[in-house]
Structures are given as structure tokens and as C-alpha cells.
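J.: Please find work.cif (mmCIF, C-alpha atoms and all ligand atoms) on the next line:
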```
data_input
#
loop_
_atom_site.label_atom_id
_atom_site.label_comp_id
_atom_site.auth_asym_id
_atom_site.auth_seq_id
_atom_site.Cartn_x
_atom_site.Cartn_y
_atom_site.Cartn_z
CA MET A 1 30.64 1.86 -18.40
CA GLY A 2 27.99 2.51 -15.75
CA MET A 3 25.85 -0.28 -14.45
CA ILE A 4 22.41 -0.70 -16.00
CA TYR A 5 19.27 -1.04 -13.89
CA LEU A 6 17.19 -3.67 -15.66
CA TYR A 7 13.93 -2.31 -14.18
CA ASP A 8 14.60 0.96 -16.04
CA LEU A 9 13.86 -0.75 -19.33
CA LEU A 10 10.84 -1.54 -21.43
CA TYR A 11 10.62 -5.10 -22.72
CA GLU A 12 11.50 -3.92 -26.22
CA GLU A 13 14.69 -2.36 -24.82
CA LEU A 14 15.49 -5.17 -22.41
CA PHE A 15 15.27 -8.05 -24.85
CA PRO A 16 17.70 -6.71 -27.50
CA LEU A 17 20.07 -5.47 -24.80
CA LEU A 18 20.35 -8.94 -23.26
CA GLN A 19 20.63 -10.53 -26.69
CA GLN A 20 23.84 -8.55 -27.20
CA GLU A 21 25.38 -10.90 -24.65
CA ASN A 22 25.18 -13.62 -27.28
CA TRP A 23 22.72 -15.59 -25.24
CA SER A 24 19.98 -17.58 -26.88
CA ARG A 25 16.42 -16.24 -26.96
CA PHE A 26 15.59 -18.94 -24.47
CA ARG A 27 18.28 -17.72 -22.07
CA VAL A 28 17.20 -14.10 -22.44
CA SER A 29 13.60 -15.08 -21.69
CA GLN A 30 14.77 -16.93 -18.60
CA VAL A 31 16.46 -13.77 -17.34
CA ILE A 32 13.35 -11.68 -18.01
CA ASP A 33 11.16 -14.29 -16.32
CA GLY A 34 13.51 -14.11 -13.37
CA LEU A 35 13.00 -10.36 -13.20
CA TYR A 36 9.25 -10.35 -13.60
CA ARG A 37 7.80 -13.79 -12.94
CA SER A 38 9.88 -15.32 -10.18
CA LYS A 39 10.22 -14.42 -6.54
CA ALA A 40 13.91 -13.65 -7.02
CA LEU A 41 15.24 -10.34 -5.69
CA GLU A 42 18.81 -10.91 -6.85
CA PHE A 43 20.43 -12.71 -9.77
CA ASP A 44 21.63 -15.55 -7.54
CA GLN A 45 18.03 -16.37 -6.67
CA ILE A 46 17.01 -17.05 -10.28
CA SER A 47 17.22 -20.81 -9.97
CA THR A 48 16.84 -21.55 -13.68
CA LEU A 49 20.07 -19.76 -14.63
CA PRO A 50 23.54 -21.40 -14.74
CA ALA A 51 26.14 -19.83 -12.45
CA GLU A 52 28.19 -18.39 -15.31
CA ILE A 53 25.20 -16.43 -16.65
CA LYS A 54 24.55 -15.04 -13.19
CA GLU A 55 28.18 -13.92 -12.95
CA GLN A 56 27.98 -12.27 -16.37
CA LEU A 57 24.80 -10.46 -15.37
CA LYS A 58 26.37 -9.13 -12.19
CA LEU A 59 29.19 -7.49 -14.12
CA LYS A 60 26.97 -5.09 -16.02
CA TYR A 61 23.48 -5.11 -14.65
CA LEU A 62 21.63 -4.31 -11.46
CA PHE A 63 18.56 -6.10 -10.15
CA PHE A 64 16.73 -4.80 -7.03
CA SER A 65 17.97 -1.54 -5.54
CA LEU A 66 15.21 -1.12 -2.95
CA HIS A 67 15.86 -2.57 0.46
CA PRO A 68 12.73 -3.45 2.44
CA GLU A 69 13.41 -2.00 5.85
CA ARG A 70 10.09 -2.53 7.52
CA THR A 71 6.68 -4.01 6.76
CA GLU A 72 3.66 -3.20 8.88
CA ARG A 73 0.31 -4.86 8.63
CA SER A 74 -2.85 -3.28 9.96
CA SER A 75 -4.52 -5.15 12.78
CA ARG A 76 -7.94 -4.40 11.27
CA ASP A 77 -7.61 -5.52 7.68
CA GLU A 78 -4.93 -6.62 5.27
CA THR A 79 -3.60 -3.13 4.58
CA THR A 80 0.18 -3.49 4.49
CA LYS A 81 2.71 -0.75 4.40
CA PHE A 82 6.25 -1.20 3.11
CA LEU A 83 9.07 1.12 4.09
CA PHE A 84 11.91 0.90 1.57
CA ARG A 85 15.44 2.21 1.92
CA LEU A 86 16.96 3.45 -1.32
CA GLU A 87 20.61 3.14 -2.33
CA ASP A 88 21.34 6.67 -1.09
CA ARG A 89 19.75 5.77 2.28
CA GLN A 90 16.64 7.83 1.65
CA HIS A 91 13.27 6.25 2.42
CA ILE A 92 10.02 5.84 0.55
CA GLU A 93 6.88 3.92 1.29
CA THR A 94 4.35 1.91 -0.62
CA VAL A 95 0.99 0.75 0.68
CA ALA A 96 -1.00 -2.30 -0.39
CA LEU A 97 -4.73 -1.78 0.19
CA PRO A 98 -7.05 -4.79 -0.01
CA ASN A 99 -10.06 -4.47 -2.30
CA SER A 100 -13.29 -6.40 -2.30
CA ARG A 101 -12.11 -9.00 -4.81
CA GLY A 102 -9.31 -10.23 -2.57
CA GLN A 103 -6.77 -8.34 -4.62
CA PHE A 104 -4.74 -5.26 -3.79
CA THR A 105 -4.42 -1.68 -4.91
CA LEU A 106 -0.89 -0.35 -4.54
CA CYS A 107 -0.30 3.22 -3.51
CA VAL A 108 3.08 4.01 -5.08
CA SER A 109 5.55 6.85 -4.34
CA THR A 110 7.07 8.98 -7.10
CA GLN A 111 9.49 11.28 -5.27
CA VAL A 112 11.55 11.33 -2.07
CA GLY A 113 9.65 14.02 -0.18
CA CYS A 114 7.60 16.58 -2.03
CA SER A 115 8.03 20.23 -2.97
CA LEU A 116 4.38 21.20 -2.69
CA LYS A 117 4.12 21.50 1.09
CA CYS A 118 0.35 21.06 1.42
CA SER A 119 -0.16 21.86 5.10
CA PHE A 120 -2.18 18.71 5.87
CA CYS A 121 0.19 16.22 4.22
CA ALA A 122 3.15 14.55 5.92
CA SER A 123 5.03 13.99 2.64
CA GLY A 124 6.10 17.59 2.15
CA LEU A 125 7.04 18.42 5.72
CA LYS A 126 10.74 18.21 4.95
CA GLY A 127 10.59 19.37 1.34
CA LEU A 128 11.71 17.57 -1.79
CA VAL A 129 14.89 15.50 -1.74
CA ARG A 130 14.83 14.08 -5.27
CA ASN A 131 12.79 12.43 -7.96
CA LEU A 132 12.57 8.65 -8.02
CA ALA A 133 14.23 6.88 -10.94
CA VAL A 134 12.10 4.73 -13.26
CA HIS A 135 13.45 1.54 -11.73
CA GLU A 136 12.67 2.72 -8.18
CA ILE A 137 9.03 3.18 -9.18
CA VAL A 138 8.82 -0.16 -11.00
CA GLU A 139 10.58 -1.96 -8.14
CA GLN A 140 7.92 -0.88 -5.61
CA VAL A 141 5.35 -2.74 -7.70
CA MET A 142 7.59 -5.73 -8.43
CA TYR A 143 8.68 -6.17 -4.83
CA ILE A 144 5.10 -6.39 -3.61
CA ILE A 145 4.05 -8.73 -6.43
CA LYS A 146 7.04 -10.95 -5.59
CA ALA A 147 6.02 -10.87 -1.93
CA GLY A 148 2.87 -12.72 -3.04
CA PHE A 149 0.28 -9.94 -3.27
CA SER A 150 -2.14 -10.18 -6.16
CA VAL A 151 -2.07 -6.62 -7.51
CA SER A 152 -4.99 -5.40 -9.60
CA ASN A 153 -4.71 -1.59 -9.41
CA ILE A 154 -1.97 1.00 -9.06
CA VAL A 155 -2.51 4.53 -7.75
CA PHE A 156 0.25 7.13 -7.78
CA MET A 157 -0.87 8.56 -4.46
CA GLY A 158 2.15 7.79 -2.35
CA ILE A 159 4.86 10.32 -1.55
CA GLY A 160 5.49 13.01 -4.15
CA GLU A 161 3.81 14.81 -7.02
CA PRO A 162 3.84 12.48 -10.04
CA LEU A 163 3.44 15.27 -12.59
CA LEU A 164 6.65 16.90 -11.30
CA ASN A 165 8.52 13.69 -12.15
CA TYR A 166 6.65 13.26 -15.40
CA ASP A 167 9.07 11.39 -17.64
CA ASN A 168 10.09 8.79 -15.07
CA VAL A 169 6.51 8.19 -13.91
CA ILE A 170 5.22 7.77 -17.46
CA LYS A 171 8.02 5.39 -18.40
CA ALA A 172 7.38 3.34 -15.25
CA ILE A 173 3.69 3.23 -16.20
CA ARG A 174 4.61 2.02 -19.70
CA ILE A 175 6.74 -0.76 -18.21
CA ILE A 176 4.07 -2.06 -15.85
CA ASN A 177 1.28 -1.56 -18.38
CA ALA A 178 2.95 -3.23 -21.40
CA ASP A 179 1.37 -6.53 -22.50
CA HIS A 180 4.57 -8.21 -21.56
CA PRO A 181 5.70 -9.03 -18.89
CA VAL A 182 3.65 -7.29 -16.13
CA ASN A 183 0.48 -6.25 -17.95
CA ILE A 184 -1.49 -4.17 -15.48
CA GLY A 185 -4.25 -2.53 -17.53
CA ALA A 186 -3.96 1.24 -18.10
CA ARG A 187 -7.51 1.73 -16.84
CA LYS A 188 -6.39 0.20 -13.57
CA ILE A 189 -3.65 2.78 -13.14
CA THR A 190 -4.45 6.19 -11.63
CA LEU A 191 -2.22 9.21 -11.49
CA SER A 192 -3.07 11.72 -8.78
CA THR A 193 -2.04 15.36 -8.96
CA ALA A 194 -2.36 18.39 -6.71
CA GLY A 195 -2.97 20.33 -9.94
CA ILE A 196 0.23 20.85 -11.97
CA ILE A 197 -1.21 22.51 -15.06
CA GLU A 198 1.73 21.95 -17.43
CA GLY A 199 1.75 18.28 -16.46
CA ILE A 200 -1.98 17.96 -17.07
CA ARG A 201 -1.49 19.44 -20.56
CA ARG A 202 1.24 16.89 -21.33
CA PHE A 203 -0.87 14.12 -19.84
CA SER A 204 -3.73 15.15 -22.15
CA GLU A 205 -1.57 14.22 -25.15
CA LEU A 206 -0.68 10.80 -23.77
CA GLU A 207 -2.23 7.93 -25.68
CA LEU A 208 -2.40 5.63 -22.61
CA GLN A 209 -5.77 5.13 -20.94
CA VAL A 210 -4.42 5.92 -17.48
CA ARG A 211 -6.93 7.60 -15.16
CA LEU A 212 -6.52 11.05 -13.67
CA SER A 213 -7.34 12.02 -10.14
CA VAL A 214 -7.08 15.59 -8.85
CA SER A 215 -6.58 16.54 -5.20
CA LEU A 216 -9.06 19.38 -5.05
CA HIS A 217 -9.94 19.60 -1.32
CA PHE A 218 -11.03 23.27 -1.52
CA PRO A 219 -13.36 24.74 -4.17
CA ASP A 220 -12.40 28.32 -3.37
CA SER A 221 -9.08 29.73 -4.58
CA GLY A 222 -8.36 31.80 -1.47
CA MET A 223 -9.02 28.88 0.84
CA ARG A 224 -7.10 26.48 -1.36
CA SER A 225 -4.00 28.71 -1.46
CA LYS A 226 -4.00 28.85 2.31
CA TYR A 227 -3.58 25.07 2.66
CA MET A 228 -2.07 24.20 -0.72
CA PRO A 229 0.66 26.68 -1.73
CA VAL A 230 0.68 25.09 -5.21
CA ASN A 231 -2.59 26.90 -5.84
CA ALA A 232 -0.80 30.28 -5.99
CA SER A 233 1.12 29.31 -9.13
CA HIS A 234 -1.53 26.91 -10.46
CA PRO A 235 -4.77 28.77 -9.71
CA LEU A 236 -8.13 26.98 -9.67
CA PRO A 237 -9.69 28.67 -12.74
CA GLU A 238 -6.70 27.70 -14.91
CA LEU A 239 -6.65 24.23 -13.40
CA ILE A 240 -10.31 23.72 -14.25
CA SER A 241 -9.84 24.88 -17.83
CA ALA A 242 -6.83 22.55 -18.25
CA LEU A 243 -9.05 19.71 -16.96
CA LYS A 244 -11.79 20.62 -19.42
CA GLU A 245 -9.27 20.42 -22.26
CA TYR A 246 -8.04 17.10 -20.92
CA GLN A 247 -11.56 15.76 -20.90
CA GLU A 248 -12.29 17.02 -24.41
CA LYS A 249 -9.17 15.27 -25.69
CA ARG A 250 -9.35 12.04 -23.74
CA GLY A 251 -13.03 11.72 -22.89
CA ARG A 252 -12.35 10.16 -19.52
CA GLN A 253 -14.03 10.83 -16.22
CA ILE A 254 -11.94 12.66 -13.62
CA THR A 255 -11.91 11.82 -9.92
CA PHE A 256 -11.66 14.69 -7.47
CA GLU A 257 -10.16 13.83 -4.11
CA TYR A 258 -11.71 15.84 -1.31
CA ILE A 259 -10.29 15.61 2.21
CA LEU A 260 -12.85 16.70 4.79
CA PHE A 261 -11.48 19.05 7.45
CA LYS A 262 -13.61 19.92 10.45
CA GLY A 263 -15.01 23.44 10.28
CA ILE A 264 -13.09 24.34 7.11
CA ASN A 265 -14.54 22.64 4.05
CA ASP A 266 -17.13 20.26 5.52
CA ASP A 267 -20.31 22.37 5.23
CA THR A 268 -22.93 22.08 2.51
CA ASP A 269 -22.29 25.65 1.28
CA THR A 270 -18.77 24.60 0.39
CA ALA A 271 -20.17 21.46 -1.24
CA ALA A 272 -22.49 23.63 -3.34
CA LYS A 273 -19.52 25.78 -4.34
CA MET A 274 -17.66 22.69 -5.48
CA ILE A 275 -20.57 21.59 -7.65
CA GLU A 276 -20.63 25.05 -9.20
CA LEU A 277 -16.87 24.99 -9.84
CA LEU A 278 -16.98 21.58 -11.51
CA ARG A 279 -20.05 22.22 -13.63
CA GLY A 280 -19.56 20.93 -17.17
CA LEU A 281 -17.04 18.26 -16.22
CA ASP A 282 -17.71 14.53 -16.10
CA TYR A 283 -16.42 13.63 -12.64
CA LYS A 284 -16.80 11.81 -9.41
CA VAL A 285 -15.83 12.90 -5.93
CA ASN A 286 -13.93 10.74 -3.50
CA LEU A 287 -14.40 11.99 0.06
CA ILE A 288 -11.56 11.29 2.49
CA PRO A 289 -11.90 12.03 6.19
CA TYR A 290 -8.72 13.85 7.20
CA ASN A 291 -6.09 11.56 8.66
CA PRO A 292 -4.40 13.62 11.37
CA VAL A 293 -0.79 14.68 10.93
CA GLU A 294 0.85 16.02 14.08
CA HIS A 295 1.34 19.75 14.62
CA CYS A 296 -0.81 21.02 11.82
CA GLY A 297 -3.83 22.00 13.88
CA LEU A 298 -6.43 20.39 11.63
CA SER A 299 -8.96 17.74 12.54
CA ALA A 300 -11.47 15.43 10.92
CA PRO A 301 -15.22 16.13 11.08
CA ASP A 302 -17.39 13.81 13.18
CA GLU A 303 -19.31 10.99 11.50
CA ILE A 304 -22.52 12.99 11.35
CA SER A 305 -20.99 15.93 9.48
CA ILE A 306 -19.26 13.57 7.07
CA ASP A 307 -22.53 11.81 6.44
CA LEU A 308 -24.37 15.11 5.86
CA PHE A 309 -21.79 16.26 3.34
CA TYR A 310 -21.92 12.91 1.56
CA ARG A 311 -25.73 12.88 1.43
CA TYR A 312 -25.86 16.44 0.19
CA LEU A 313 -23.69 15.51 -2.81
CA LEU A 314 -25.85 12.43 -3.43
CA SER A 315 -28.99 14.58 -3.34
CA ARG A 316 -27.43 16.83 -5.98
CA LYS A 317 -26.87 13.72 -8.16
CA ILE A 318 -23.09 13.82 -7.87
CA PHE A 319 -21.19 10.53 -8.12
CA VAL A 320 -19.58 10.32 -4.73
CA THR A 321 -17.67 7.71 -2.77
CA LEU A 322 -16.57 7.87 0.82
CA ARG A 323 -13.13 6.41 1.36
CA LYS A 324 -12.99 4.17 4.37
CA ARG A 325 -10.21 4.89 6.78
CA ARG A 326 -7.85 2.04 6.31
CA GLY A 327 -4.61 1.32 7.99
CA ASP A 328 -4.63 4.42 10.17
CA ASP A 329 -3.23 2.26 12.96
CA ILE A 330 -0.11 1.76 10.82
CA LYS A 331 0.15 5.40 9.75
CA ALA A 332 -0.84 4.53 6.20
CA ALA A 333 -1.54 8.17 5.34
CA CYS A 334 0.92 9.70 2.96
CA GLY A 335 4.42 10.10 4.23
CA GLN A 336 3.73 9.22 7.81
CA LEU A 337 5.80 6.05 8.07
CA ARG A 338 8.76 7.61 6.30
CA LEU A 339 8.56 10.53 8.65
CA ALA A 340 8.61 8.22 11.65
CA ALA A 341 11.63 6.33 10.24
CA GLY A 342 13.49 9.58 9.65
CA ASN A 343 12.79 10.75 13.16
CA LYS A 344 13.88 7.53 14.75
CA ASP A 345 17.30 7.23 13.19
CA GLY A 346 17.89 10.93 13.51
CA GLU A 347 18.06 11.69 9.79
CA THR A 348 17.27 15.19 8.81
CA GLY A 349 17.64 14.97 5.07
CA SER A 350 14.90 12.46 4.39
N1 LIG A 401 0.79 14.88 -4.99
C1 LIG A 401 -0.27 14.06 -5.47
C2 LIG A 401 -0.20 12.60 -5.04
C3 LIG A 401 0.08 12.32 -3.58
S1 LIG A 401 -1.16 12.69 -2.38
C4 LIG A 401 -1.61 14.67 -5.07
O1 LIG A 401 -1.61 15.62 -4.31
O2 LIG A 401 -2.63 14.21 -5.55
C5 LIG A 401 -2.35 11.44 -2.46
C6 LIG A 401 -3.65 11.83 -1.75
O3 LIG A 401 -3.58 11.76 -0.32
C7 LIG A 401 -4.05 13.25 -2.06
O4 LIG A 401 -5.40 13.35 -2.38
C8 LIG A 401 -3.69 13.95 -0.77
O5 LIG A 401 -4.27 15.17 -0.68
C9 LIG A 401 -4.12 12.92 0.26
N2 LIG A 401 -3.62 13.18 1.62
C10 LIG A 401 -2.46 13.76 1.97
N3 LIG A 401 -2.38 13.91 3.30
C11 LIG A 401 -3.53 13.41 3.82
C12 LIG A 401 -4.05 13.30 5.15
N4 LIG A 401 -3.37 13.75 6.21
N5 LIG A 401 -5.28 12.74 5.30
C13 LIG A 401 -5.97 12.29 4.24
N6 LIG A 401 -5.54 12.37 2.96
C14 LIG A 401 -4.32 12.94 2.75
#
```
Show this structure as C-alpha cells.
Ligand code: SAH
T.:
Amino acid sequence: MGMIYLYDLLYEELFPLLQQENWSRFRVSQVIDGLYRSKALEFDQISTLPAEIKEQLKLKYLFFSLHPERTERSSRDETTKFLFRLEDRQHIETVALPNSRGQFTLCVSTQVGCSLKCSFCASGLKGLVRNLAVHEIVEQVMYIIKAGFSVSNIVFMGIGEPLLNYDNVIKAIRIINADHPVNIGARKITLSTAGIIEGIRRFSELELQVRLSVSLHFPDSGMRSKYMPVNASHPLPELISALKEYQEKRGRQITFEYILFKGINDDTDTAAKMIELLRGLDYKVNLIPYNPVEHCGLSAPDEISIDLFYRYLLSRKIFVTLRKRRGDDIKAACGQLRLAAGNKDGETGS
């Protein structure tokens, strides 16, 4: 029999499974508390359990599979980036971003690499290696909680396209969202997509109140295809109609991510085009100054252009936020740390 990863399981699967060991309910709860409420990263560290139970657990079950290889903290704020090594020696990263209430938003990865190859994003530079398993997604969150961070929000904006690993991402969301034992509210969880239409349709049927964010960046199909190859097979007009259906079904506001690139999409004409494109949707725009990735020939606008773009949207009564650059001294933009790790130890596959 194969080993079972305990972080693959929902509470309602986990509890009966452990009860099959003929342990008392009390014992089973102690194990689950060890997984979710203690700082333990391996069975031996669950201090409440007798040695024989720990030995029994080790025969069939697996606890943490992620190995924290490096942690970097920004010198400017508390932004902290975790580089994890997976069992097959691949790497992923997770970022903890401080918010105003002294808590953290976690930016979680969903794939090793990415197949979409957006030209401005470091995650896809080496293509897709594989999807993350449910437990590898859950473990990113649990590791950081166990490291003492108070986590209030989760955004699936790390490496990968969450809607191309739909089943595992949704199950991981169910595990961390369930009343017991983690209980992070669905409204505090955001899934971000580059615009996978089939995935958006499936997501529209999901009864969870998870938020949807769309990486728009370019309001014109020709321009978008140039920088985001995904646009060729998932064209803007179809994407927008899938989003309208989503909104009709779920009634939730959509966030559009918009990276500002100097001289490409940072003028008010392009802003006006975006407003036209999104007419009829209930949305807000999150502006992100481009975080430079080497060798892709793009740059961020200066402060004045960013401010003009922002004010133009405000003047048109659009809900708009301007994302502060955080953690750029620790390469906290998508995929950058993993890329650096891969380069350093000479890996080509990661
Ligand atoms: N594939 C999903 C989730 C991962 S990307 C998606 O595309 O939404 C998470 C966000 O980071 C996206 O909005 C993405 O476009 C943005 N991003 C990627 N590279 C960036 C860079 N160099 N500078 C700023 N934002 C970047």
C-alpha cells in the first residue's frame, strides 16, 4: 500500500481514516491537532503523542513533504519569501506579505513552473514541470502558520496557473477553508487566473465564496496576445463573456490585475479602452508597477505616469488600487527566487 499524505485530506476524510487504527477519538484529535494546531513538522515533534502511536503513524502516513531551503526577509518591511524544495527536488516559493492589521497575506504557488509563458513573468521562463499535489499546496500555508505568522488572507498568485490545476487547487481551498481545523474564510481566499475560460466556467459553478482575480494587463486582444500567448486560445471577447456569466451566477465583484509597462499600456487611451472593455461588469482594478525580470526588455513607468494613469481611472469613477512594491529587494515577484535557486545549483529542469 502506498503512503498517505495526511495534508491531502479533508477533515471528514482524515478523522474516519485515523479511527480505522482503533485509536480513541481523543487520540485521533491529538493527531489532527498535531497536524494543524502545533508547531510540529514531523510526527516525532507532536509532544502529546506516545512513542508507539508515532511509530504506527510513520508506517502508513506522511507529514510534511516540503523542505524549507531558504527564507528571505525584506529589509524594508516584513515581507518574507520562502523557497521550498519538493520531494522530487523541484522548487516552489511562497511569499508572506504584511497587511495593515499586523497579519499576513500568503501568495501561494499552484504549479512547478507554468505553461503560459507570459513574457513579463519569471514563472514561465522554463515552462511547466508539473502540477502541485493537494498536500503541497496545503503545506505551504501550514508551514508558514507553524512558523508563527498570523495568516488572514490567501492569494493564489504564486507560481503557476491555478485554473490549470483545478481539482487540486479547489480541494486545497476546501481543506484550508473548512470550519475545522484551519478555517480561513472563503472571502479571504483569492484565485488569480490569466484567463482560462473553461476553468472560469467550472469556477462559476463552485458554491464556495472564493474571490476571482483576472490578470488582464492589456485591454486590446492584439496587444495582449503579444505578451500573453494564452490570449490566442482564450481570446479577450470570450474571456469577458465568461466573466459576465460568472458574475451573473455568483454575484461577486471581480478584480482585474493590471501591470503597468512603460510606453506599452500606461497611457490614458489604453485606460479608456479598458473601461470600455469592462463595461457592464462589477469590478475593481489593481494596478501593479512592473517588477523587472531580466532579459525581457520591458520596464516600469515613472512615478508620474503611474500617478496619471491611476488618477484617470479615479476620475472615471473606477474602483482602483495601486499595489505598493513590496519585497522587490528579495525578488518577491513571481518565480524570481525559484529561478535564482535553479540557476545557482545548475538545475535546468526546474
Ligand atoms: N497565473 C495566474 C497566477 C499567477 S501570476 C495569473 O496569471 O493570474 C500572479 C500575478 O503576478 C499576475 O497578475 C501576474 O501577471 C503578476 N506578475 C507576473 N510577473 C510580474 C512582474 N514581473 N511584475 C509584476 N507583476 C507580475
J.: Using all atoms listed in the file, find each residue with an atom at most 6 Å away from ligand LIG 401 (chain A) and format the answer as JSON, numbers by chain.
T.: {"A": [120, 121, 157, 158, 159, 160, 161, 192, 193, 194, 214, 215, 257, 259, 288, 290, 291, 292, 293, 333, 334]}
J.: Nearest residue to A:Pro289 out of A:Val28, A:Leu212, A:Ile275, A:Leu260, using all atoms listed in the file?
T.: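 Smallest distance to A:Pro289 is found for A:Leu260.
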J.: Counting all atoms listed in the file, what are the residues of stretch 99-154 of chain A within 9 Å of stretch 69-85 of chain A, and for each of them which pair of atoms is the nearest and at what distance in Å, to one decimal? Sort the table by chain and rising number, as a tab-separated table.
T.:
```
residue	atom	partner	partner_atom	distance
A:Phe104	CA	A:Thr79	CA	8.7
A:Gln140	CA	A:Phe84	CA	8.4
A:Ile144	CA	A:Phe82	CA	8.6
```
J.: With distances taken over all atoms listed in the file, which residue among A:His135, A:Tyr166, A:Leu62, A:Ile184 lies nearest A:Met3?
T.: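 Residue with the minimum atom-to-atom distance to A:Met3: A:Leu62.
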J.: Which residue, A:Ser29, A:Thr110, A:Ser100, A:Ser38, has the smallest gap to A:Lys146 when you use all atoms listed in the file?
T.: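 Smallest distance to A:Lys146 is found for A:Ser38.
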J.: Please determine, counting all atoms listed in the file, which residue among A:Asn153, A:Thr255, A:Ser65, A:Ser115 has the shortest atom-to-atom distance to A:Ile196.
T.: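 Counting all atoms listed in the file, the residue closest to A:Ile196 is A:Ser115.
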J.: Using only C-alpha atoms, determine which residues lie at most 12 Å from A:Ile46, disregarding the query and same-chain residues fewer than 6 positions distant; provide the list as an NGL selection string.
T.: :A and (27 or 30-40 or 53-55 or 57 or 63)
J.: To one decimal place in Å, what is the distance between atom CA of A:Leu216 and atom CA of A:Asp307?
T.: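 These atoms are spaced 19.3 Å apart.
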J.: Would you mind reading off the distance between atom CA of A:His91 and atom CA of A:Ile175, one decimal, in Å?
T.: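 Distance between the two atoms: 22.7 Å.
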J.: Could you check how far atom CA of A:Gln111 sits from atom CA of A:Leu9, in Å to one decimal?
T.: 19.0 Å
J.: Find, counting only C-alpha atoms, the residue in A:Lys117, A:Leu163, A:His295, A:Val129 that gets nearest to A:Ile92.
T.: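 For A:Ile92, the nearest of the candidates is A:Val129.
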J.: For each of A:Ile154, A:Leu10, A:Leu49, A:Val112, take the minimum atom-to-atom distance to A:Gly124, counting all atoms listed in the file, then give the residue where this is smallest.
T.: A:Val112
J.: Excluding A:Arg201 and residues on its chain fewer than 5 positions from it, collect all residues at most 10 Å away from it, counting all atoms listed in the file, and give them as a ChimeraX atom specification.
T.: /A:196,206,242-243,245-246
J.: Show me, as lines of an AutoDock Vina configuration file, the centre and edge lengths in Å to one decimal of the axis-aligned box that covers every listed atom of stretch 195-214 of chain A with 4 Å on each side.
T.:
```
center_x = -2.8
center_y = 13.8
center_z = -17.3
size_x = 17.1
size_y = 25.4
size_z = 24.8
```
J.: Write out as a ChimeraX atom specification the residues lying within 12 Å of stretch 312-320 of chain A, counting only C-alpha atoms and excluding same-chain residues fewer than 2 positions away.
T.: /A:253-258,266-276,278-279,281-288,305-310,322-323
